[in-house]
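Student: I'm passing along coords38.cif; it holds mmCIF, C-alpha atoms (C1' of nucleotides) and all ligand atoms.
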```cif
data_data
#
loop_
_atom_site.label_atom_id
_atom_site.label_comp_id
_atom_site.auth_asym_id
_atom_site.auth_seq_id
_atom_site.Cartn_x
_atom_site.Cartn_y
_atom_site.Cartn_z
CA MET A 1 104.53 98.45 90.24
CA LEU A 2 107.81 99.70 91.70
CA LYS A 3 106.54 99.04 95.19
CA LEU A 4 108.44 97.13 97.81
CA THR A 5 106.82 93.91 98.91
CA ARG A 6 105.63 93.56 102.45
CA LYS A 7 108.38 91.05 103.10
CA THR A 8 111.01 93.59 102.21
CA GLU A 9 109.43 96.23 104.39
CA TYR A 10 109.30 93.83 107.29
CA ALA A 11 112.97 93.13 106.81
CA LEU A 12 113.78 96.84 106.85
CA ILE A 13 111.69 97.44 109.95
CA ALA A 14 113.46 94.58 111.73
CA LEU A 15 116.90 95.77 110.68
CA SER A 16 116.12 99.31 111.73
CA HIS A 17 115.17 98.10 115.17
CA MET A 18 118.25 95.93 115.59
CA GLN A 19 120.50 98.72 114.41
CA ARG A 20 119.07 101.14 116.95
CA PHE A 21 118.27 99.03 119.97
CA THR A 22 120.03 95.68 119.91
CA PRO A 23 123.19 96.04 117.85
CA LYS A 24 125.15 93.84 120.28
CA ASN A 25 122.37 91.62 121.60
CA LEU A 26 120.07 89.03 120.15
CA ILE A 27 116.41 89.62 119.47
CA SER A 28 113.89 86.95 118.54
CA THR A 29 111.38 86.90 115.70
CA LYS A 30 108.57 86.74 118.19
CA GLU A 31 109.71 89.84 119.99
CA LEU A 32 110.12 91.82 116.79
CA ALA A 33 106.74 90.69 115.53
CA LYS A 34 105.12 91.82 118.75
CA LEU A 35 106.86 95.17 118.78
CA TYR A 36 105.86 96.09 115.23
CA GLN A 37 102.69 94.01 114.85
CA LEU A 38 104.10 91.91 112.06
CA PRO A 39 102.93 88.41 111.09
CA VAL A 40 105.41 86.15 112.88
CA GLU A 41 105.72 83.38 110.32
CA LEU A 42 106.38 85.68 107.40
CA LEU A 43 108.84 87.71 109.41
CA ALA A 44 110.49 84.47 110.50
CA LYS A 45 111.14 83.40 106.93
CA THR A 46 112.38 86.80 106.03
CA LEU A 47 114.91 86.84 108.83
CA GLN A 48 116.00 83.36 107.86
CA GLN A 49 116.75 84.59 104.39
CA LEU A 50 118.75 87.48 105.78
CA ALA A 51 120.66 85.04 107.96
CA GLN A 52 121.47 82.85 104.97
CA ALA A 53 122.79 85.91 103.21
CA GLU A 54 124.90 86.65 106.28
CA ILE A 55 123.32 90.01 106.78
CA LEU A 56 122.11 88.63 110.11
CA GLU A 57 123.66 86.16 112.46
CA ALA A 58 121.25 83.53 113.73
CA VAL A 59 121.57 81.83 117.09
CA LYS A 60 119.39 78.76 117.44
CA GLY A 61 117.83 77.28 120.53
CA ALA A 62 116.32 78.78 123.64
CA TYR A 63 117.35 82.36 124.27
CA GLY A 64 118.49 82.52 120.70
CA GLY A 65 117.61 85.10 118.11
CA TYR A 66 119.22 87.35 115.56
CA LYS A 67 121.64 90.19 115.41
CA ILE A 68 123.25 92.18 112.64
CA LYS A 69 126.29 90.43 111.25
CA THR A 70 127.46 92.65 108.40
CA PRO A 71 127.55 96.39 109.10
CA LEU A 72 124.67 97.97 107.25
CA GLU A 73 126.91 100.61 105.68
CA GLN A 74 128.55 97.79 103.75
CA ILE A 75 125.37 96.50 102.14
CA ASN A 76 123.75 98.29 99.24
CA MET A 77 120.12 98.16 98.24
CA THR A 78 120.68 96.16 95.08
CA GLU A 79 122.28 93.35 97.08
CA PHE A 80 119.65 93.61 99.75
CA PHE A 81 116.73 93.47 97.35
CA GLU A 82 118.25 90.56 95.52
CA VAL A 83 118.48 88.54 98.71
CA LEU A 84 114.75 88.86 99.25
CA GLU A 85 113.35 89.24 95.76
CA GLY A 86 114.80 88.35 92.41
CA GLU A 87 117.05 90.39 90.21
CA VAL A 88 116.67 94.16 90.31
CA GLY A 89 115.39 95.62 87.05
CA LEU A 90 112.23 96.85 85.40
CA THR A 91 112.11 93.87 83.06
CA ASP A 92 113.59 90.41 83.09
CA CYS A 93 114.41 89.73 79.49
CA HIS A 94 117.86 88.34 80.33
CA THR A 95 117.01 85.82 83.03
CA ASN A 96 113.42 85.14 82.11
CA THR A 97 113.12 83.19 78.90
CA ASP A 98 109.36 82.99 78.83
CA CYS A 99 108.45 86.41 77.51
CA SER A 100 106.29 85.77 74.47
CA GLN A 101 107.10 89.21 73.05
CA LYS A 102 110.84 88.64 73.16
CA ASN A 103 111.36 88.22 69.41
CA LEU A 104 109.21 91.09 68.29
CA CYS A 105 110.03 93.36 71.21
CA ASN A 106 111.33 96.75 70.19
CA ILE A 107 112.28 98.04 73.63
CA LYS A 108 114.56 95.25 74.78
CA THR A 109 117.80 97.12 74.15
CA PRO A 110 116.89 100.47 75.69
CA MET A 111 115.36 98.66 78.64
CA GLN A 112 118.65 96.91 79.31
CA LYS A 113 120.26 100.31 79.68
CA ILE A 114 117.58 101.57 82.03
CA ASN A 115 117.90 98.40 84.07
CA LYS A 116 121.61 98.99 84.47
CA LYS A 117 121.01 102.58 85.46
CA MET A 118 118.53 101.46 88.05
CA ARG A 119 120.94 98.95 89.52
CA THR A 120 123.54 101.68 89.77
CA PHE A 121 121.00 103.89 91.48
CA PHE A 122 120.32 101.28 94.16
CA ASP A 123 124.00 100.36 94.38
CA GLU A 124 124.63 103.83 95.65
CA ILE A 125 122.14 103.64 98.49
CA SER A 126 123.35 101.74 101.53
CA LEU A 127 121.07 99.78 103.79
CA LYS A 128 122.15 102.07 106.60
CA GLU A 129 120.69 105.00 104.74
CA VAL A 130 117.34 103.31 104.29
CA VAL A 131 117.13 102.02 107.79
CA GLY A 132 117.78 105.50 109.09
CA ASN A 133 119.34 106.70 112.34
CA MET B 1 108.85 93.98 92.96
CA LEU B 2 110.29 96.88 90.96
CA LYS B 3 109.07 95.28 87.75
CA LEU B 4 107.06 97.10 85.14
CA THR B 5 103.58 95.78 84.59
CA ARG B 6 102.69 94.27 81.27
CA LYS B 7 100.44 97.22 80.57
CA THR B 8 103.33 99.62 80.87
CA GLU B 9 105.51 97.49 78.62
CA TYR B 10 102.77 97.35 76.02
CA ALA B 11 102.54 101.12 76.15
CA LEU B 12 106.28 101.45 75.61
CA ILE B 13 106.26 99.00 72.72
CA ALA B 14 103.43 100.90 71.07
CA LEU B 15 105.11 104.26 71.57
CA SER B 16 108.38 102.94 70.25
CA HIS B 17 106.67 101.80 67.09
CA MET B 18 104.83 105.06 66.55
CA GLN B 19 107.97 107.06 67.14
CA ARG B 20 109.89 105.09 64.56
CA PHE B 21 107.37 104.24 61.90
CA THR B 22 104.25 106.40 62.10
CA PRO B 23 105.20 109.69 63.73
CA LYS B 24 102.96 111.62 61.34
CA ASN B 25 100.29 109.02 60.61
CA LEU B 26 97.66 107.22 62.58
CA ILE B 27 97.92 103.61 63.62
CA SER B 28 95.14 101.54 65.13
CA THR B 29 95.15 99.38 68.22
CA LYS B 30 94.38 96.35 66.12
CA GLU B 31 97.36 96.91 63.87
CA LEU B 32 99.73 97.42 66.77
CA ALA B 33 98.40 94.36 68.53
CA LYS B 34 98.94 92.26 65.45
CA LEU B 35 102.46 93.57 64.84
CA TYR B 36 103.67 92.85 68.37
CA GLN B 37 101.33 90.02 69.34
CA LEU B 38 99.73 91.96 72.14
CA PRO B 39 96.26 91.35 73.60
CA VAL B 40 94.08 93.88 71.78
CA GLU B 41 91.69 94.81 74.56
CA LEU B 42 94.38 95.48 77.12
CA LEU B 43 96.43 97.43 74.64
CA ALA B 44 93.28 99.35 73.71
CA LYS B 45 92.71 100.49 77.26
CA THR B 46 96.32 101.39 77.65
CA LEU B 47 96.29 103.59 74.58
CA GLN B 48 93.07 105.19 75.79
CA GLN B 49 94.81 106.14 79.00
CA LEU B 50 97.71 107.61 77.07
CA ALA B 51 95.25 109.57 74.97
CA GLN B 52 93.53 110.95 78.06
CA ALA B 53 96.92 112.08 79.30
CA GLU B 54 97.51 113.75 75.94
CA ILE B 55 100.59 111.71 75.26
CA LEU B 56 98.70 110.33 72.29
CA GLU B 57 96.14 111.93 70.05
CA ALA B 58 93.13 109.73 69.37
CA VAL B 59 91.09 109.91 66.19
CA LYS B 60 87.77 108.11 66.44
CA GLY B 61 85.75 106.45 63.74
CA ALA B 62 86.71 104.47 60.67
CA TYR B 63 90.29 104.96 59.56
CA GLY B 64 91.00 106.43 62.94
CA GLY B 65 93.74 105.48 65.34
CA TYR B 66 96.46 107.06 67.40
CA LYS B 67 99.56 109.12 66.96
CA ILE B 68 102.02 110.76 69.28
CA LYS B 69 100.80 114.13 70.47
CA THR B 70 103.46 115.30 72.90
CA PRO B 71 107.07 114.87 71.79
CA LEU B 72 108.54 112.03 73.80
CA GLU B 73 111.57 114.09 74.81
CA GLN B 74 109.19 116.25 76.81
CA ILE B 75 107.78 113.42 78.91
CA ASN B 76 109.71 111.92 81.78
CA MET B 77 109.32 108.45 83.20
CA THR B 78 107.78 109.60 86.47
CA GLU B 79 104.94 111.31 84.61
CA PHE B 80 104.59 108.39 82.24
CA PHE B 81 104.42 105.77 84.98
CA GLU B 82 101.92 107.84 86.91
CA VAL B 83 99.59 107.98 83.95
CA LEU B 84 99.41 104.20 83.84
CA GLU B 85 100.06 103.13 87.41
CA GLY B 86 99.75 105.04 90.63
CA GLU B 87 102.28 107.25 92.33
CA VAL B 88 105.94 106.41 91.87
CA GLY B 89 107.62 105.32 95.08
CA LEU B 90 108.72 102.23 96.96
CA THR B 91 106.04 102.72 99.60
CA ASP B 92 102.77 104.59 99.76
CA CYS B 93 102.62 105.89 103.29
CA HIS B 94 101.55 109.38 102.16
CA THR B 95 98.62 108.54 99.89
CA ASN B 96 97.66 105.21 101.31
CA THR B 97 96.10 105.48 104.74
CA ASP B 98 95.50 101.80 105.28
CA CYS B 99 98.94 100.62 106.32
CA SER B 100 98.43 98.87 109.64
CA GLN B 101 102.06 99.42 110.59
CA LYS B 102 101.91 103.18 110.11
CA ASN B 103 102.01 104.14 113.78
CA LEU B 104 104.74 101.79 114.85
CA CYS B 105 106.72 102.02 111.61
CA ASN B 106 110.34 102.99 112.11
CA ILE B 107 111.30 103.40 108.45
CA LYS B 108 108.65 105.87 107.33
CA THR B 109 110.92 108.92 107.37
CA PRO B 110 113.93 107.43 105.59
CA MET B 111 111.64 105.82 103.05
CA GLN B 112 110.19 109.20 102.18
CA LYS B 113 113.68 110.34 101.26
CA ILE B 114 114.34 107.30 99.14
CA ASN B 115 111.01 107.78 97.43
CA LYS B 116 111.95 111.31 96.53
CA LYS B 117 115.30 110.18 95.24
CA MET B 118 113.62 107.60 93.09
CA ARG B 119 111.24 110.12 91.62
CA THR B 120 114.18 112.34 90.76
CA PHE B 121 115.87 109.37 89.15
CA PHE B 122 112.90 108.73 86.87
CA ASP B 123 112.36 112.45 86.32
CA GLU B 124 115.71 112.51 84.62
CA ILE B 125 114.90 109.77 82.13
CA SER B 126 112.79 110.85 79.18
CA LEU B 127 110.34 108.62 77.43
CA LYS B 128 112.38 109.12 74.29
CA GLU B 129 115.34 107.52 75.98
CA VAL B 130 113.36 104.46 77.03
CA VAL B 131 111.65 104.04 73.74
CA GLY B 132 114.97 104.13 71.98
CA ASN B 133 115.95 105.23 68.50
"C1'" DT C 1 73.90 103.03 55.82
"C1'" DT C 2 77.75 100.48 56.94
"C1'" DA C 3 82.13 99.23 58.59
"C1'" DA C 4 86.01 100.34 61.27
"C1'" DA C 5 87.57 102.54 64.79
"C1'" DT C 6 87.84 104.61 69.85
"C1'" DA C 7 85.60 104.69 74.67
"C1'" DC C 8 84.08 102.62 78.84
"C1'" DG C 9 82.61 99.48 82.38
"C1'" DA C 10 82.05 94.91 84.16
"C1'" DT C 11 83.88 90.56 84.90
"C1'" DA C 12 86.77 86.37 84.68
"C1'" DA C 13 91.24 84.07 84.77
"C1'" DA C 14 95.94 83.87 86.08
"C1'" DT C 15 99.65 85.10 88.82
"C1'" DT C 16 101.87 86.91 92.70
"C1'" DT C 17 101.97 88.22 97.25
"C1'" DT C 18 100.78 87.48 101.87
"C1'" DG C 19 99.75 84.80 105.62
"C1'" DT C 20 99.27 80.19 108.02
"C1'" DC C 21 100.26 75.52 109.48
"C1'" DG C 22 102.91 71.45 110.97
"C1'" DG C 23 106.82 69.61 112.24
"C1'" DA C 24 112.15 69.05 112.69
"C1'" DA C 25 116.50 70.43 114.77
"C1'" DT C 26 119.03 73.04 118.20
"C1'" DT C 27 120.27 74.59 122.71
"C1'" DA C 28 120.10 77.04 127.26
"C1'" DA C 29 118.30 76.34 131.56
"C1'" DA C 30 115.70 73.93 135.08
"C1'" DT D 1 117.67 64.44 131.27
"C1'" DT D 2 113.76 66.92 130.37
"C1'" DT D 3 111.52 71.07 128.98
"C1'" DA D 4 110.72 75.27 126.80
"C1'" DA D 5 112.15 78.57 123.53
"C1'" DT D 6 114.07 79.22 119.62
"C1'" DT D 7 115.66 78.87 114.44
"C1'" DC D 8 114.70 76.27 110.19
"C1'" DC D 9 112.10 74.36 106.30
"C1'" DG D 10 108.45 73.00 103.19
"C1'" DA D 11 103.79 72.84 101.97
"C1'" DC D 12 99.56 75.06 101.74
"C1'" DA D 13 95.59 78.59 101.84
"C1'" DA D 14 93.84 83.15 101.39
"C1'" DA D 15 94.00 87.61 99.56
"C1'" DA D 16 95.32 90.96 96.40
"C1'" DT D 17 96.85 92.39 92.10
"C1'" DT D 18 97.62 91.95 87.39
"C1'" DT D 19 96.23 90.34 83.01
"C1'" DA D 20 92.92 89.13 79.76
"C1'" DT D 21 88.20 89.09 77.92
"C1'" DC D 22 83.46 90.52 76.92
"C1'" DG D 23 79.64 93.49 75.75
"C1'" DT D 24 78.03 97.69 74.32
"C1'" DA D 25 77.98 102.55 73.09
"C1'" DT D 26 79.77 106.25 70.30
"C1'" DT D 27 82.11 108.34 66.44
"C1'" DT D 28 83.07 109.05 61.66
"C1'" DA D 29 84.92 108.22 56.85
"C1'" DA D 30 83.45 106.14 52.86
S1 LIG E 201 111.52 91.27 75.79
FE1 LIG E 201 110.42 93.21 75.72
S2 LIG E 201 108.39 92.67 76.45
FE2 LIG E 201 109.70 90.94 77.02
S3 LIG E 201 110.39 91.43 79.09
FE3 LIG E 201 111.95 92.28 77.73
S4 LIG E 201 111.29 94.39 77.41
FE4 LIG E 201 109.53 93.34 78.27
S1 LIG E 202 104.26 103.26 107.12
FE1 LIG E 202 106.07 101.93 107.10
S2 LIG E 202 105.23 99.92 106.68
FE2 LIG E 202 103.60 101.36 106.15
S3 LIG E 202 103.91 101.76 103.97
FE3 LIG E 202 105.08 103.34 105.04
S4 LIG E 202 107.12 102.47 105.20
FE4 LIG E 202 105.79 100.76 104.68
#
```
Using structure tokens, write down the structure from this file.

Tutor:
Amino acid sequence: MLKLTRKTEYALIALSHMQRFTPKNLISTKELAKLYQLPVELLAKTLQQLAQAEILEAVKGAYGGYKIKTPLEQINMTEFFEVLEGEVGLTDCHTNTDCSQKNLCNIKTPMQKINKKMRTFFDEISLKEVVGN
Amino acid sequence: MLKLTRKTEYALIALSHMQRFTPKNLISTKELAKLYQLPVELLAKTLQQLAQAEILEAVKGAYGGYKIKTPLEQINMTEFFEVLEGEVGLTDCHTNTDCSQKNLCNIKTPMQKINKKMRTFFDEISLKEVVGN
DNA sequence: TTAAATACGATAAATTTTGTCGGAATTAAA
DNA sequence: TTTAATTCCGACAAAATTTATCGTATTTAA
């Protein structure tokens, strides 16, 4: 509960590296996986997602790889999380229709407020800040 | 990721009810479970945990049940979450020793800061606020 | 004495996360 | 033109966590 998933951590580790060491150059999944002992395939998918979201730029083919596309100062944690995981919030009453408590639930309304607060909280933290340096 | 567990939601639903309808009187697990269609056994354990933490007062035996012991304004979400789940934080580098990345990890330090920030965030939300009314 | 309740531990089922596999498309370089 | 290194994508398997259930002991008011 409230923990990041491994996937998200791997993404942060990769971004941190790129930011520090290869901001202008490409780096491949394989290389990153080796450097930080991450499972290649999972990291691969993660980076692909970041590329789709245009956080990274992907270059295919031999000698290809990834580099940061959008400056990390310009991306906030809410956006970032929502690229990799679903919507940010402690509950998913809105999106998720299949909560069997829904009708009887007496905390729906206050939870909506907390969810908004939490989004705001993560809105105010930039990816740069998390990735450090 | 970032979602409450069912257990925590059940706890909130129960507390919300007690706060509104039985602040002075006892209510049993069974009754609560029936009212909100919650699985009795899981709710039972949850309430037991809250009783251990002195958030609830438990009265054993026939005609027993639970009622709120500590005013909900006096309990913050960090405390509350930590009664039911583990430590609040996006990562568990500190407590958890078995992260294989630990040595190589390049986001440990910034993550510590974010974790602190998050604790502060939840420190500032009282249980009363979440439970509504 | 009985019935209704909390307390606790073990276990099973379901779900989610994590990791793996196989192959397709792309492209720089030999 | 071929090869090797890469991104890309979907399906699957394994592991971990969450959720639900069961059995039994203890407490206590009636
Ligand atoms: S309706 Fe209530 S129980 Fe269902 S997800 Fe929303 S807050 Fe949780
Ligand atoms: S050491 Fe790094 S990878 Fe491990 S839990 Fe902490 S932040 Fe996550």

Student: To check your reading of the model: which residues sit at most 12 Å from ligand LIG 201 (chain E) when counting only C-alpha atoms (C1' of nucleotides) and all ligand atoms? Write the answer as an MDAnalysis selection string.

Tutor: (chainID A and resid 89:115) or (chainID B and resid 3:14 16 36:38 130:132)

Student: Would you output that residue set with C-alpha atoms, as a JSON list (two decimals), in the coordinates of the input?

Tutor:
```
[["chain", "number", "residue", "atom", "x", "y", "z"],
["A", 89, "GLY", "CA", 115.39, 95.62, 87.05],
["A", 90, "LEU", "CA", 112.23, 96.85, 85.40],
["A", 91, "THR", "CA", 112.11, 93.87, 83.06],
["A", 92, "ASP", "CA", 113.59, 90.41, 83.09],
["A", 93, "CYS", "CA", 114.41, 89.73, 79.49],
["A", 94, "HIS", "CA", 117.86, 88.34, 80.33],
["A", 95, "THR", "CA", 117.01, 85.82, 83.03],
["A", 96, "ASN", "CA", 113.42, 85.14, 82.11],
["A", 97, "THR", "CA", 113.12, 83.19, 78.90],
["A", 98, "ASP", "CA", 109.36, 82.99, 78.83],
["A", 99, "CYS", "CA", 108.45, 86.41, 77.51],
["A", 100, "SER", "CA", 106.29, 85.77, 74.47],
["A", 101, "GLN", "CA", 107.10, 89.21, 73.05],
["A", 102, "LYS", "CA", 110.84, 88.64, 73.16],
["A", 103, "ASN", "CA", 111.36, 88.22, 69.41],
["A", 104, "LEU", "CA", 109.21, 91.09, 68.29],
["A", 105, "CYS", "CA", 110.03, 93.36, 71.21],
["A", 106, "ASN", "CA", 111.33, 96.75, 70.19],
["A", 107, "ILE", "CA", 112.28, 98.04, 73.63],
["A", 108, "LYS", "CA", 114.56, 95.25, 74.78],
["A", 109, "THR", "CA", 117.80, 97.12, 74.15],
["A", 110, "PRO", "CA", 116.89, 100.47, 75.69],
["A", 111, "MET", "CA", 115.36, 98.66, 78.64],
["A", 112, "GLN", "CA", 118.65, 96.91, 79.31],
["A", 113, "LYS", "CA", 120.26, 100.31, 79.68],
["A", 114, "ILE", "CA", 117.58, 101.57, 82.03],
["A", 115, "ASN", "CA", 117.90, 98.40, 84.07],
["B", 3, "LYS", "CA", 109.07, 95.28, 87.75],
["B", 4, "LEU", "CA", 107.06, 97.10, 85.14],
["B", 5, "THR", "CA", 103.58, 95.78, 84.59],
["B", 6, "ARG", "CA", 102.69, 94.27, 81.27],
["B", 7, "LYS", "CA", 100.44, 97.22, 80.57],
["B", 8, "THR", "CA", 103.33, 99.62, 80.87],
["B", 9, "GLU", "CA", 105.51, 97.49, 78.62],
["B", 10, "TYR", "CA", 102.77, 97.35, 76.02],
["B", 11, "ALA", "CA", 102.54, 101.12, 76.15],
["B", 12, "LEU", "CA", 106.28, 101.45, 75.61],
["B", 13, "ILE", "CA", 106.26, 99.00, 72.72],
["B", 14, "ALA", "CA", 103.43, 100.90, 71.07],
["B", 16, "SER", "CA", 108.38, 102.94, 70.25],
["B", 36, "TYR", "CA", 103.67, 92.85, 68.37],
["B", 37, "GLN", "CA", 101.33, 90.02, 69.34],
["B", 38, "LEU", "CA", 99.73, 91.96, 72.14],
["B", 130, "VAL", "CA", 113.36, 104.46, 77.03],
["B", 131, "VAL", "CA", 111.65, 104.04, 73.74],
["B", 132, "GLY", "CA", 114.97, 104.13, 71.98]]
```

Student: Once you count only C-alpha atoms (C1' of nucleotides), which residues of chain A turn out to be within 6 Å of chain D? Could you give them as an mmCIF file with C-alpha atoms, keeping the file's coordinate frame?

Tutor:
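What ended up in out_4.cif:
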```cif
data_model
loop_
_atom_site.group_PDB
_atom_site.id
_atom_site.type_symbol
_atom_site.label_atom_id
_atom_site.label_comp_id
_atom_site.auth_asym_id
_atom_site.auth_seq_id
_atom_site.Cartn_x
_atom_site.Cartn_y
_atom_site.Cartn_z
ATOM 1 C CA LYS A 60 119.390 78.760 117.440
ATOM 2 C CA GLY A 61 117.830 77.280 120.530
ATOM 3 C CA ALA A 62 116.320 78.780 123.640
ATOM 4 C CA GLY A 64 118.490 82.520 120.700
#
```

Student: Please find the residues of chain C near chain A - the criterion being any atom within 8 Å, counting only C-alpha atoms (C1' of nucleotides) - and write them as a ChimeraX atom specification.

Tutor: /C:17-20,26-28

Student: Mind pulling up the distance from CA of Phe122 in chain B to CA of Lys67 in chain B?

Tutor: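 Value for the CA of Lys67 in chain B-CA of Phe122 in chain B distance: 24.0 Å.
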
Student: Please determine, counting only C-alpha atoms, which residue among B:Leu50, B:Ser28, B:Glu57, B:Lys34 has the shortest atom-to-atom distance to chain A.

Tutor: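 That would be B:Lys34, the residue with the smallest distance to chain A.
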
Student: Just give me the gap between CA of Gln48 in chain B and CA of Phe121 in chain B in Å, one decimal is fine.

Tutor: 26.8 Å

Student: So that I can see what lies close to Gln74 in chain A, please list as a VMD selection string the residues with an atom at most 10 Å from it, counting all atoms listed in the file and leaving out residues fewer than 6 positions away in the same chain.

Tutor: chain A and resid 55 126 to 128

Student: How many Å separate CA of Phe81 in chain B from C1' of DC8 in chain C?

Tutor: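 These two atoms are separated by 21.5 Å.
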
Student: Could you check the closest approach to chain B for each of A:Lys116, A:Ala53, A:Arg20, A:Glu85 and tell me which residue wins, using only C-alpha atoms?

Tutor: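 Using only C-alpha atoms, the shortest distance to chain B belongs to A:Glu85.
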
Student: Given only C-alpha atoms as the basis, pick out the residue of B:Leu35, B:Leu56, B:Ile27, B:Leu47 nearest to chain A.

Tutor: B:Leu35

Student: Of the candidates A:Ala58, A:Asp123, A:Met118, A:Leu72, which one gets nearest to chain B if we count all atoms listed in the file?

Tutor: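 Ranking A:Ala58, A:Asp123, A:Met118, A:Leu72 by distance to chain B, first place goes to A:Met118.
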
Student: Closest to chain B among A:Leu26, A:Thr46, A:Glu73, A:Leu32, using all atoms listed in the file?

Tutor: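 When distances to chain B are compared using all atoms listed in the file, the smallest one comes from A:Leu32.
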
Student: For chain A, which residue out of B:Val83, B:Ala33, B:Ile75, B:Val88 is the nearest one, using all atoms listed in the file?

Tutor: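 For chain A, the nearest of the given residues is B:Val88.
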